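> File follows, start-v6.cif with mmCIF, C-alpha atoms:
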```cif
data_query
#
loop_
_atom_site.label_atom_id
_atom_site.label_comp_id
_atom_site.auth_asym_id
_atom_site.auth_seq_id
_atom_site.Cartn_x
_atom_site.Cartn_y
_atom_site.Cartn_z
CA MET A 49 -5.52 -62.91 -56.00
CA ARG A 50 -8.65 -64.01 -54.21
CA GLN A 51 -10.12 -61.28 -52.04
CA ARG A 52 -10.01 -62.04 -48.34
CA GLU A 53 -13.34 -62.70 -46.69
CA ARG A 54 -14.79 -60.35 -44.11
CA ILE A 55 -14.60 -61.50 -40.51
CA GLY A 56 -17.64 -63.66 -39.71
CA LYS A 57 -20.69 -62.27 -37.96
CA GLU A 58 -20.40 -64.54 -34.93
CA LEU A 59 -16.78 -63.62 -34.36
CA VAL A 60 -17.57 -59.91 -34.65
CA ALA A 61 -20.42 -60.29 -32.15
CA ALA A 62 -18.36 -62.33 -29.70
CA SER A 63 -15.51 -59.86 -29.68
CA ALA A 64 -17.75 -56.80 -29.34
CA THR A 65 -17.93 -56.75 -25.55
CA PRO A 66 -14.21 -57.17 -24.79
CA LEU A 67 -13.29 -54.64 -27.47
CA LEU A 68 -15.75 -52.08 -26.14
CA LEU A 69 -14.64 -52.56 -22.55
CA ALA A 70 -10.99 -52.30 -23.57
CA ILE A 71 -11.55 -49.11 -25.56
CA LEU A 72 -13.46 -47.51 -22.69
CA ASN A 73 -10.75 -48.64 -20.27
CA LYS A 74 -8.47 -46.13 -21.99
CA GLY A 75 -10.89 -43.32 -21.21
CA PRO A 76 -14.47 -42.16 -21.80
CA SER A 77 -15.66 -42.15 -25.40
CA TYR A 78 -18.80 -41.85 -27.55
CA GLY A 79 -20.43 -43.93 -30.28
CA TYR A 80 -18.92 -42.38 -33.36
CA ALA A 81 -15.38 -42.32 -31.94
CA ILE A 82 -15.71 -45.94 -30.79
CA ILE A 83 -16.52 -47.13 -34.34
CA GLN A 84 -13.45 -45.28 -35.60
CA ALA A 85 -11.28 -46.72 -32.84
CA VAL A 86 -12.41 -50.26 -33.74
CA ARG A 87 -11.62 -49.62 -37.39
CA GLU A 88 -8.13 -48.36 -36.52
CA LEU A 89 -7.36 -51.11 -34.02
CA SER A 90 -8.28 -53.78 -36.56
CA GLY A 91 -6.48 -52.16 -39.45
CA GLY A 92 -9.80 -51.65 -41.20
CA GLU A 93 -10.87 -55.30 -40.99
CA LEU A 94 -13.58 -54.73 -38.39
CA GLU A 95 -16.33 -52.40 -39.51
CA TRP A 96 -18.99 -52.01 -36.82
CA SER A 97 -22.40 -50.79 -37.84
CA GLU A 98 -24.40 -48.26 -35.83
CA GLY A 99 -27.26 -50.72 -35.57
CA MET A 100 -24.96 -53.09 -33.73
CA LEU A 101 -22.93 -50.67 -31.61
CA TYR A 102 -25.62 -48.75 -29.75
CA PRO A 103 -27.63 -51.76 -28.63
CA VAL A 104 -24.44 -53.33 -27.25
CA LEU A 105 -23.54 -50.10 -25.45
CA HIS A 106 -27.02 -49.87 -23.96
CA ARG A 107 -26.96 -53.50 -22.89
CA LEU A 108 -23.62 -53.05 -21.13
CA GLU A 109 -25.01 -49.94 -19.47
CA ASP A 110 -28.02 -51.97 -18.37
CA GLN A 111 -25.74 -54.58 -16.86
CA GLY A 112 -23.90 -51.87 -14.95
CA LEU A 113 -20.56 -52.47 -16.69
CA ILE A 114 -20.44 -49.02 -18.23
CA GLU A 115 -22.10 -45.72 -17.42
CA SER A 116 -23.22 -42.91 -19.68
CA TYR A 117 -23.21 -39.21 -19.01
CA GLU A 118 -23.99 -36.12 -21.00
CA GLY A 119 -21.10 -33.94 -22.08
CA VAL A 120 -20.37 -31.37 -24.73
CA GLY A 121 -18.33 -32.38 -27.78
CA GLU A 122 -15.73 -30.28 -29.56
CA THR A 123 -18.43 -29.12 -31.96
CA GLY A 124 -20.38 -27.58 -29.07
CA ARG A 125 -23.23 -30.10 -29.41
CA LYS A 126 -24.20 -32.10 -26.36
CA ARG A 127 -23.07 -35.65 -26.64
CA ARG A 128 -23.49 -38.88 -24.72
CA TYR A 129 -20.23 -40.27 -23.40
CA TYR A 130 -19.64 -43.70 -21.93
CA LYS A 131 -17.16 -44.67 -19.25
CA LEU A 132 -16.15 -47.90 -17.59
CA CYS A 133 -17.51 -48.75 -14.12
CA ALA A 134 -15.78 -50.83 -11.45
CA ASP A 135 -17.87 -53.86 -12.53
CA GLY A 136 -16.78 -53.23 -16.11
CA ARG A 137 -13.13 -53.28 -15.12
CA ARG A 138 -13.65 -56.63 -13.40
CA ALA A 139 -15.52 -57.98 -16.45
CA LEU A 140 -12.68 -56.81 -18.68
CA THR A 141 -10.09 -58.67 -16.59
CA GLU A 142 -12.17 -61.84 -16.88
CA GLU A 143 -12.78 -61.39 -20.62
CA ARG A 144 -9.08 -60.89 -21.10
CA ARG A 145 -8.26 -64.08 -19.22
CA GLN A 146 -10.70 -66.08 -21.37
CA TRP A 147 -9.49 -64.63 -24.66
CA ASP A 148 -5.89 -65.29 -23.63
CA VAL A 149 -6.80 -68.94 -23.08
CA ILE A 150 -8.36 -69.16 -26.55
CA GLY A 151 -5.48 -67.26 -28.14
CA ALA A 152 -2.87 -69.47 -26.49
CA ALA A 153 -4.73 -72.65 -27.42
CA LEU A 154 -5.03 -71.62 -31.07
CA ASP A 155 -1.40 -70.60 -31.07
CA LYS A 156 -0.29 -74.00 -29.87
CA ALA A 157 -2.66 -75.82 -32.21
CA TRP A 158 -1.31 -73.93 -35.22
CA ARG A 159 2.32 -74.68 -34.49
CA PRO A 160 3.76 -77.43 -36.73
CA ALA A 161 3.99 -80.72 -34.86
CA MET B 297 -34.31 -30.36 -48.18
CA SER B 298 -32.22 -28.87 -45.37
CA ASP B 299 -29.91 -30.99 -43.19
CA ASP B 300 -32.09 -30.47 -40.14
CA GLU B 301 -35.14 -31.55 -42.10
CA THR B 302 -33.39 -34.71 -43.35
CA ILE B 303 -32.37 -35.68 -39.83
CA ARG B 304 -35.79 -34.87 -38.43
CA GLN B 305 -37.41 -37.17 -40.98
CA TYR B 306 -34.95 -39.93 -40.13
CA LEU B 307 -35.67 -39.65 -36.41
CA ASP B 308 -39.42 -39.44 -37.05
CA GLN B 309 -39.25 -42.77 -38.85
CA MET B 310 -37.40 -44.26 -35.87
CA ARG B 311 -39.96 -42.86 -33.48
CA ALA B 312 -42.82 -44.27 -35.53
CA GLU B 313 -41.34 -47.72 -35.23
CA ALA B 314 -40.59 -47.96 -31.51
CA GLU B 315 -40.90 -46.13 -28.22
CA LEU B 316 -37.48 -44.56 -27.70
CA ALA B 317 -36.21 -42.10 -25.14
CA ARG B 318 -35.28 -38.62 -26.35
CA ALA B 319 -31.68 -39.14 -25.19
CA ASP B 320 -31.33 -42.24 -27.42
CA LEU B 321 -32.60 -40.31 -30.45
CA ASP B 322 -30.21 -37.44 -29.65
CA GLU B 323 -27.37 -39.94 -29.66
CA ILE B 324 -28.25 -41.13 -33.17
CA GLU B 325 -28.62 -37.54 -34.34
CA ASP B 326 -25.17 -36.69 -33.00
CA HIS B 327 -23.79 -39.73 -34.80
CA ILE B 328 -25.34 -38.74 -38.15
CA ARG B 329 -23.95 -35.22 -37.83
CA ASP B 330 -20.46 -36.51 -37.04
CA LEU B 331 -20.58 -38.85 -40.02
CA ALA B 332 -21.81 -36.03 -42.30
CA THR B 333 -18.91 -33.82 -41.16
CA GLU B 334 -16.47 -36.62 -41.97
CA LEU B 335 -18.03 -37.18 -45.40
CA CYS B 336 -17.76 -33.45 -46.14
CA ALA B 337 -14.09 -33.53 -45.22
CA ARG B 338 -13.65 -36.42 -47.67
CA GLY B 339 -15.10 -34.31 -50.46
CA VAL B 340 -18.83 -35.11 -50.52
CA ALA B 341 -20.87 -32.03 -51.44
CA PRO B 342 -22.22 -30.37 -48.26
CA GLY B 343 -25.81 -30.62 -49.49
CA GLU B 344 -25.58 -34.39 -49.93
CA ALA B 345 -23.46 -35.32 -46.93
CA THR B 346 -26.31 -35.54 -44.42
CA ALA B 347 -28.54 -37.63 -46.67
CA LEU B 348 -25.63 -39.94 -47.40
CA ALA B 349 -24.80 -40.18 -43.69
CA CYS B 350 -28.40 -41.21 -42.99
CA ARG B 351 -28.17 -43.93 -45.63
CA ARG B 352 -24.86 -45.13 -44.17
CA VAL B 353 -26.33 -45.41 -40.69
CA GLY B 354 -29.00 -47.64 -42.17
CA ASP B 355 -32.73 -48.21 -42.28
CA PRO B 356 -34.19 -46.10 -39.43
CA ARG B 357 -36.84 -48.71 -38.68
CA GLN B 358 -34.22 -51.42 -38.39
CA ILE B 359 -32.11 -49.24 -36.08
CA ALA B 360 -35.17 -48.43 -33.97
CA ARG B 361 -35.97 -52.13 -33.65
CA GLU B 362 -32.41 -52.92 -32.58
CA HIS B 363 -32.72 -50.23 -29.93
CA ALA B 364 -36.11 -51.42 -28.75
CA ARG B 365 -34.73 -54.91 -28.27
CA VAL B 366 -32.40 -53.76 -25.49
CA ARG B 367 -34.24 -50.65 -24.35
CA SER B 368 -37.58 -51.29 -22.74
CA PRO B 369 -40.47 -49.00 -23.82
CA PHE B 370 -40.49 -47.89 -20.20
CA GLY B 371 -36.93 -46.56 -20.17
CA ALA B 372 -33.68 -47.66 -18.62
CA ARG B 373 -33.47 -50.19 -15.83
CA LEU B 374 -32.65 -48.93 -12.35
CA SER B 375 -29.48 -50.03 -10.63
CA ARG B 376 -29.98 -52.66 -7.93
CA ALA B 377 -29.06 -50.26 -5.15
CA ARG B 378 -31.60 -47.65 -6.26
CA ALA B 379 -34.40 -50.15 -6.96
CA TRP B 380 -34.05 -51.95 -3.63
CA SER B 381 -33.72 -48.74 -1.62
CA ALA B 382 -36.89 -47.34 -3.20
CA ALA B 383 -38.78 -50.64 -2.76
CA LEU B 384 -37.85 -50.77 0.92
CA LEU B 385 -38.89 -47.16 1.53
CA LEU B 386 -42.26 -47.68 -0.18
CA GLY B 387 -42.84 -51.24 0.95
CA ALA B 388 -42.74 -50.71 4.71
CA PRO B 389 -45.59 -48.14 4.85
CA ALA B 390 -47.57 -50.13 2.25
CA LEU B 391 -47.38 -53.27 4.40
CA TYR B 392 -48.51 -51.22 7.37
CA ALA B 393 -51.45 -49.89 5.35
CA LEU B 394 -52.38 -53.44 4.35
CA THR B 395 -52.56 -54.72 7.94
CA HIS B 396 -54.52 -51.61 8.89
CA VAL B 397 -57.02 -52.07 6.05
CA ILE B 398 -57.47 -55.80 6.69
CA GLU B 399 -58.13 -55.23 10.40
CA SER B 400 -60.70 -52.58 9.71
CA PRO B 401 -64.08 -54.39 9.71
CA ARG B 402 -65.72 -52.24 7.07
CA ALA B 403 -62.96 -52.17 4.51
CA PRO B 404 -64.36 -53.08 1.07
CA ALA B 405 -62.67 -55.97 -0.73
CA THR B 406 -61.73 -53.69 -3.63
CA LEU B 407 -59.77 -51.48 -1.25
CA VAL B 408 -57.82 -54.44 0.08
CA ALA B 409 -57.27 -55.57 -3.51
CA SER B 410 -55.89 -52.17 -4.47
CA VAL B 411 -53.42 -52.15 -1.60
CA VAL B 412 -52.37 -55.67 -2.56
CA ALA B 413 -51.94 -54.51 -6.18
CA TRP B 414 -49.76 -51.68 -4.92
CA LEU B 415 -47.61 -54.13 -2.96
CA GLY B 416 -47.30 -56.09 -6.22
CA VAL B 417 -45.89 -53.00 -7.91
CA ILE B 418 -43.37 -52.56 -5.10
CA GLY B 419 -42.38 -56.21 -5.52
CA ALA B 420 -41.91 -55.64 -9.25
CA LEU B 421 -39.77 -52.61 -8.43
CA ALA B 422 -37.56 -54.76 -6.23
CA LEU B 423 -37.24 -57.22 -9.15
CA ARG B 424 -36.22 -54.22 -11.28
CA LYS B 425 -39.12 -54.59 -13.70
CA ARG B 426 -38.83 -51.54 -15.86
CA TRP B 427 -42.51 -50.62 -15.88
CA ALA B 428 -42.58 -50.53 -12.07
CA ARG B 429 -40.24 -47.58 -11.81
CA PRO B 430 -42.34 -44.84 -13.50
CA LEU B 431 -45.45 -46.13 -11.78
CA ALA B 432 -43.85 -45.99 -8.34
CA LEU B 433 -42.36 -42.60 -9.19
CA GLY B 434 -45.76 -41.09 -9.99
CA PHE B 435 -47.27 -42.53 -6.85
CA ALA B 436 -44.39 -41.41 -4.65
CA CYS B 437 -44.39 -37.91 -6.16
CA ALA B 438 -48.11 -37.55 -5.45
CA CYS B 439 -47.60 -38.82 -1.90
CA SER B 440 -44.89 -36.22 -1.33
CA VAL B 441 -47.21 -33.29 -2.02
CA PRO B 442 -48.62 -33.04 1.54
CA LEU B 443 -45.10 -33.06 2.92
CA VAL B 444 -44.26 -29.97 0.92
CA LEU B 445 -47.66 -28.37 1.41
CA PHE B 446 -48.05 -28.86 5.15
CA HIS B 447 -44.43 -29.28 6.26
CA TYR B 448 -45.73 -32.42 7.84
CA PHE B 449 -42.80 -34.69 8.48
CA GLY B 450 -44.48 -38.00 9.15
CA VAL B 451 -42.19 -40.99 9.00
CA HIS B 452 -43.63 -42.51 5.88
CA ASP B 453 -43.78 -39.22 4.03
CA ILE B 454 -40.06 -38.88 4.55
CA ALA B 455 -39.65 -42.46 3.36
CA THR B 456 -41.69 -41.61 0.26
CA LEU B 457 -39.59 -38.53 -0.44
CA GLY B 458 -36.51 -40.73 -0.19
CA ALA B 459 -38.08 -43.13 -2.68
CA VAL B 460 -38.67 -40.22 -5.09
CA ALA B 461 -34.97 -39.42 -4.91
CA PHE B 462 -34.10 -42.99 -5.87
CA LEU B 463 -36.68 -43.27 -8.65
CA MET B 464 -36.31 -39.86 -10.28
CA PRO B 465 -34.91 -39.84 -13.83
CA TRP B 466 -32.08 -37.43 -13.08
CA ARG B 467 -30.88 -37.20 -16.63
CA ARG B 468 -32.75 -35.37 -19.33
CA GLY B 469 -34.58 -37.46 -21.90
CA GLU B 470 -34.37 -40.61 -19.81
CA ILE B 471 -38.10 -41.19 -19.77
CA THR B 472 -40.22 -42.49 -22.67
CA ARG B 473 -43.79 -41.64 -23.50
CA ALA B 474 -45.12 -44.98 -22.28
CA ALA B 475 -43.25 -44.40 -19.02
CA LEU B 476 -44.79 -40.94 -18.75
CA ALA B 477 -48.25 -42.52 -19.05
CA LEU B 478 -47.35 -44.74 -16.10
CA VAL B 479 -46.08 -41.80 -14.03
CA LEU B 480 -49.40 -40.07 -14.62
CA LEU B 481 -51.36 -43.20 -13.72
CA GLY B 482 -49.31 -43.49 -10.52
CA VAL B 483 -50.42 -39.95 -9.65
CA ALA B 484 -54.03 -40.80 -10.56
CA TYR B 485 -53.94 -43.91 -8.40
CA ASP B 486 -52.76 -41.86 -5.44
CA GLY B 487 -55.52 -39.32 -6.04
CA ALA B 488 -58.14 -42.04 -6.33
CA SER B 489 -57.05 -43.79 -3.15
CA ARG B 490 -56.04 -40.84 -1.01
CA GLY B 491 -58.49 -38.14 -1.97
CA VAL B 492 -61.57 -40.27 -2.43
CA ILE B 493 -61.28 -43.47 -0.50
CA PHE B 494 -58.74 -43.25 2.28
CA TYR B 495 -59.15 -39.70 3.52
CA GLY B 496 -62.01 -38.01 1.69
CA SER B 497 -64.49 -40.21 3.48
CA TYR B 498 -63.00 -41.29 6.74
CA ALA B 499 -65.12 -44.39 7.06
CA PHE B 500 -64.19 -47.23 4.79
CA ASP B 501 -67.73 -47.75 3.53
CA ALA B 502 -66.68 -45.36 0.89
CA ASN B 503 -67.73 -43.81 -2.27
CA PRO B 504 -68.42 -46.50 -4.89
CA PHE B 505 -67.21 -44.23 -7.69
CA GLY B 506 -63.93 -43.74 -5.87
CA VAL B 507 -63.51 -47.48 -5.69
CA LEU B 508 -64.50 -47.74 -9.37
CA ALA B 509 -61.95 -45.02 -10.26
CA ALA B 510 -59.15 -46.76 -8.38
CA SER B 511 -60.04 -50.06 -10.06
CA LEU B 512 -60.11 -48.44 -13.51
CA VAL B 513 -56.72 -46.85 -12.86
CA ILE B 514 -55.36 -50.32 -12.08
CA VAL B 515 -56.90 -51.67 -15.30
CA ALA B 516 -55.35 -48.78 -17.25
CA ILE B 517 -51.94 -49.49 -15.69
CA ALA B 518 -52.20 -53.14 -16.70
CA GLY B 519 -53.17 -52.00 -20.22
CA VAL B 520 -50.17 -49.70 -20.58
CA VAL B 521 -47.78 -52.33 -19.22
CA LEU B 522 -49.16 -54.90 -21.68
CA ARG B 523 -49.19 -52.24 -24.40
CA ARG B 524 -52.87 -52.72 -25.23
CA GLY B 525 -55.13 -50.16 -26.84
CA TRP B 526 -57.84 -50.51 -24.21
CA ALA B 527 -55.56 -48.79 -21.70
CA ILE B 528 -56.67 -45.48 -23.21
CA GLY B 529 -60.34 -46.23 -22.61
CA ALA B 530 -59.65 -47.35 -19.05
CA ALA B 531 -57.66 -44.19 -18.26
CA ALA B 532 -60.40 -41.98 -19.71
CA GLY B 533 -63.00 -44.00 -17.76
CA ALA B 534 -60.95 -43.52 -14.59
CA ALA B 535 -60.93 -39.77 -15.15
CA ALA B 536 -64.71 -39.78 -15.57
CA ALA B 537 -65.21 -41.96 -12.46
CA LEU B 538 -62.94 -39.64 -10.47
CA ALA B 539 -64.99 -36.66 -11.57
CA VAL B 540 -68.23 -38.35 -10.45
CA ALA B 541 -66.59 -39.46 -7.20
CA PHE B 542 -65.55 -35.88 -6.61
CA GLN B 543 -69.14 -34.70 -7.07
CA TRP B 544 -70.32 -37.45 -4.76
CA THR B 545 -68.09 -36.67 -1.81
CA MET B 546 -67.75 -32.97 -2.28
CA PHE B 547 -70.96 -31.92 -0.57
CA ASP B 548 -71.09 -34.68 1.99
CA ASP B 549 -67.56 -34.78 3.18
CA TRP B 550 -65.73 -31.69 2.14
CA PHE B 551 -68.41 -29.12 2.75
CA GLY B 552 -70.63 -31.11 5.10
CA PRO B 553 -71.20 -30.03 8.70
CA HIS B 554 -68.52 -32.26 10.19
CA ARG B 555 -65.82 -30.72 8.00
CA VAL B 556 -66.55 -27.07 8.77
CA GLY B 557 -63.65 -26.90 11.16
CA ALA B 558 -61.19 -28.45 8.71
CA ALA B 559 -58.29 -26.24 7.75
CA PRO B 560 -58.92 -24.51 4.40
CA LEU B 561 -55.51 -25.67 3.16
CA LEU B 562 -56.40 -29.29 3.91
CA ARG B 563 -59.69 -28.96 2.05
CA PHE B 564 -57.93 -27.26 -0.80
CA TYR B 565 -55.42 -30.09 -0.88
CA GLU B 566 -58.11 -32.77 -0.91
CA MET B 567 -59.89 -31.10 -3.79
CA ALA B 568 -56.64 -30.41 -5.63
CA SER B 569 -55.53 -34.01 -5.29
CA VAL B 570 -58.68 -35.23 -7.02
CA GLY B 571 -58.29 -32.49 -9.62
CA ILE B 572 -54.72 -33.58 -10.25
CA ALA B 573 -55.83 -37.21 -10.37
CA ILE B 574 -58.46 -36.42 -13.02
CA ALA B 575 -55.92 -34.43 -15.05
CA SER B 576 -53.37 -37.25 -14.70
CA ALA B 577 -55.80 -39.94 -15.81
CA LEU B 578 -56.78 -37.82 -18.84
CA GLY B 579 -53.12 -37.11 -19.54
CA ALA B 580 -52.34 -40.81 -19.35
CA ALA B 581 -55.15 -41.55 -21.81
CA PHE B 582 -53.57 -39.00 -24.12
CA VAL B 583 -49.95 -40.15 -23.95
CA ALA B 584 -50.74 -43.87 -23.81
CA ARG B 585 -51.77 -43.98 -27.47
CA GLN B 586 -48.71 -45.75 -28.78
CA PRO B 587 -49.99 -48.44 -31.07
CA ARG B 588 -47.02 -50.16 -32.55
CA VAL B 589 -44.34 -51.29 -30.23
CA ARG B 590 -46.01 -54.41 -28.94
CA ALA B 591 -44.76 -56.58 -31.76
CA LEU B 592 -41.25 -55.42 -30.99
CA ARG B 593 -41.11 -56.67 -27.47
CA THR B 594 -38.80 -59.50 -28.35
CA PRO B 595 -36.68 -60.68 -25.44
CA ALA B 596 -33.32 -59.01 -25.07
CA ALA B 597 -30.54 -60.81 -26.88
#
```
Written as structure tokens, how would this file's structure read?


Amino acid sequence: MRQRERIGKELVAASATPLLLAILNKGPSYGYAIIQAVRELSGGELEWSEGMLYPVLHRLEDQGLIESYEGVGETGRKRRYYKLCADGRRALTEERRQWDVIGAALDKAWRPA
Amino acid sequence: MSDDETIRQYLDQMRAEAELARADLDEIEDHIRDLATELCARGVAPGEATALACRRVGDPRQIAREHARVRSPFGARLSRARAWSAALLLGAPALYALTHVIESPRAPATLVASVVAWLGVIGALALRKRWARPLALGFACACSVPLVLFHYFGVHDIATLGAVAFLMPWRRGEITRAALALVLLGVAYDGASRGVIFYGSYAFDANPFGVLAASLVIVAIAGVVLRRGWAIGAAAGAAAALAVAFQWTMFDDWFGPHRVGAAPLLRFYEMASVGIAIASALGAAFVARQPRVRALRTPAA
């Protein structure tokens, strides 16, 4: 059996923002846990690298969609957590609308005529 | 090699590649440690887990470059509300100073130029340019000293104190080294203008070395913002010019006959502000040496 290809770079990049916003919508989280959450949500198909995650987090923070704060993790080390802001919630609603459009269009296109 | 040593080396390599805030490096460190713990749980020998985690995270220089692309060497960007509030609080008195200076018949052109340059910084702050924040912070902090020292609640001192509140990096590790250089140059600029030109000699036909110092501080600021090596020379030159300016005015103005009645605290403050300005300019020359990052200033993706 031919091994399935990894999901393309562009698709991974395009879905990064909505995925991040959606994960943080469930509650504050931190970098390492976010990578694990993405892996679980995608059944292991999406493997985010650290070099990609943190810049995206910082960019979203810069845009005011998410906010970071310092907390203490279960290990007792201080840790940087991220949470969704009001602007982030609005952006998530809009992202969701757009992805629904794409999903629905693909769905219809794939149906046998 | 111990785990701490491995991580320290990794972070040192990141730091050598780009100007990053302490908090960003802490975040990566936390990540490596979490990954190492997970690898241990999966059966990797404890001695190797950290090194393996570092390799998993990837080439430190690459990671640093990815960070630098979104993070400016001058730290995080201010929110609109904070940037505009601070710009308004600093801009109103600066505009007033400009009209005052222009109307004064003996104001040297360099003095007018320096007030105009300062208004430029405030404009950049309003546009949320990241280099403008530390600069304005240093200046505003220095301006707030007399408020604390003399309990003098003038309107624009209160405005300046408000600006400090908006500009202050309230979280630990939020400020980078390049930003620190700008904070110090902001302090030095205040010392050069306040201690030597504006107040030290009440007439505007002032001390040429004070004017030179203020001009050199502006050159140094431009150098740090453009990430050029000559910023260090300019900051050191500013410190030297401030020291000469101090010598120049000290006997005439501060200890001269017309100042005998001046309150000792005021005289102490005037001297201290030049002292602080010299120290700040020297400090800026010291922290500004940050040779690499210029090539990394690719526009944010």

> Could you state the separation of atom CA of Gly533 of chain B and atom CA of Ala516 of chain B in Å, given to one decimal place?

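Taking atom CA of Gly533 of chain B as the start and atom CA of Ala516 of chain B as the end point, the length is 9.0 Å.
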
> For the structure shown, which residues end up in the PyMOL selection byres ((chain A) within 6 of (chain B))? Put them as a compact mmCIF listing (two decimals) with C-alpha atoms, in the coordinates of the input, please?


```txt
# COMPACT_ATOMS: atom_id res chain seq x y z
CA TYR A 80 -18.92 -42.38 -33.36
CA GLU A 98 -24.40 -48.26 -35.83
CA GLY A 99 -27.26 -50.72 -35.57
CA PRO A 103 -27.63 -51.76 -28.63
```

> Could you list the residues chosen by the PyMOL selection byres ((chain B and resi 505-512) around 7) in this structure as a PyMOL selection string?

chain B and resi 406+485+488-489+492-493+503-504+513-516+530-531+533-534+537-538+540-541

> Within 12 Å of Glu109 of chain A, counting all atoms listed in the file, which residues qualify if same-chain residues fewer than 2 places away don't, as a list in words?

Thr65, Leu68, Leu69, Tyr102, Pro103, Val104, Leu105, His106, Arg107, Gln111, Gly112, Leu113, Ile114, Glu115, Ser116, Tyr117, Tyr129, Tyr130, Lys131, Leu132, Cys133, Asp135 and Gly136 of chain A; Val366, Arg367, Ala372, Arg373, Leu374 and Ser375 of chain B

> For Gly343 of chain B, list every protein, DNA or RNA residue within 10 Å, evaluated using only C-alpha atoms, and leave out those in the same chain fewer than 4 positions away; present the list as number ranges by chain.

B: 297-299, 332, 336, 347-348

> Of the residues A:Leu140, A:Leu59, A:Glu118, A:Glu53, which is the one nearest to Ile71 of chain A, using only C-alpha atoms?

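Checking each candidate against Ile71 of chain A, we get A:Leu140 as the closest.
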
> In Å to one decimal, how far is atom CA of Ala477 of chain B from atom CA of Ala584 of chain B?

5.5 Å

> Can you rebuild segment 105-116 of chain A with N, CA and C atoms and give it as a PDB file, in the coordinates of the input?


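Result written to out_25.pdb:
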```
ATOM      1  N   LEU A 105     -23.860 -51.104 -26.476  1.00  0.00           N
ATOM      2  CA  LEU A 105     -23.540 -50.100 -25.450  1.00  0.00           C
ATOM      3  C   LEU A 105     -24.648 -50.020 -24.401  1.00  0.00           C
ATOM      4  N   HIS A 106     -25.895 -50.010 -24.902  1.00  0.00           N
ATOM      5  CA  HIS A 106     -27.020 -49.870 -23.960  1.00  0.00           C
ATOM      6  C   HIS A 106     -27.174 -51.118 -23.096  1.00  0.00           C
ATOM      7  N   ARG A 107     -26.855 -52.264 -23.676  1.00  0.00           N
ATOM      8  CA  ARG A 107     -26.960 -53.500 -22.890  1.00  0.00           C
ATOM      9  C   ARG A 107     -25.896 -53.514 -21.785  1.00  0.00           C
ATOM     10  N   LEU A 108     -24.688 -53.096 -22.141  1.00  0.00           N
ATOM     11  CA  LEU A 108     -23.620 -53.050 -21.130  1.00  0.00           C
ATOM     12  C   LEU A 108     -23.952 -52.036 -20.036  1.00  0.00           C
ATOM     13  N   GLU A 109     -24.603 -50.952 -20.445  1.00  0.00           N
ATOM     14  CA  GLU A 109     -25.010 -49.940 -19.470  1.00  0.00           C
ATOM     15  C   GLU A 109     -26.056 -50.537 -18.525  1.00  0.00           C
ATOM     16  N   ASP A 110     -26.968 -51.293 -19.137  1.00  0.00           N
ATOM     17  CA  ASP A 110     -28.020 -51.970 -18.370  1.00  0.00           C
ATOM     18  C   ASP A 110     -27.430 -52.933 -17.353  1.00  0.00           C
ATOM     19  N   GLN A 111     -26.370 -53.601 -17.746  1.00  0.00           N
ATOM     20  CA  GLN A 111     -25.740 -54.580 -16.860  1.00  0.00           C
ATOM     21  C   GLN A 111     -24.845 -53.907 -15.814  1.00  0.00           C
ATOM     22  N   GLY A 112     -24.701 -52.601 -15.934  1.00  0.00           N
ATOM     23  CA  GLY A 112     -23.900 -51.870 -14.950  1.00  0.00           C
ATOM     24  C   GLY A 112     -22.404 -51.956 -15.185  1.00  0.00           C
ATOM     25  N   LEU A 113     -21.998 -52.394 -16.399  1.00  0.00           N
ATOM     26  CA  LEU A 113     -20.560 -52.470 -16.690  1.00  0.00           C
ATOM     27  C   LEU A 113     -20.018 -51.125 -17.133  1.00  0.00           C
ATOM     28  N   ILE A 114     -20.858 -50.371 -17.836  1.00  0.00           N
ATOM     29  CA  ILE A 114     -20.440 -49.020 -18.230  1.00  0.00           C
ATOM     30  C   ILE A 114     -21.533 -48.040 -17.816  1.00  0.00           C
ATOM     31  N   GLU A 115     -21.186 -46.755 -17.890  1.00  0.00           N
ATOM     32  CA  GLU A 115     -22.100 -45.720 -17.420  1.00  0.00           C
ATOM     33  C   GLU A 115     -22.086 -44.614 -18.459  1.00  0.00           C
ATOM     34  N   SER A 116     -23.226 -44.009 -18.716  1.00  0.00           N
ATOM     35  CA  SER A 116     -23.220 -42.910 -19.680  1.00  0.00           C
ATOM     36  C   SER A 116     -23.443 -41.592 -18.965  1.00  0.00           C
TER      37      SER A 116
END
```
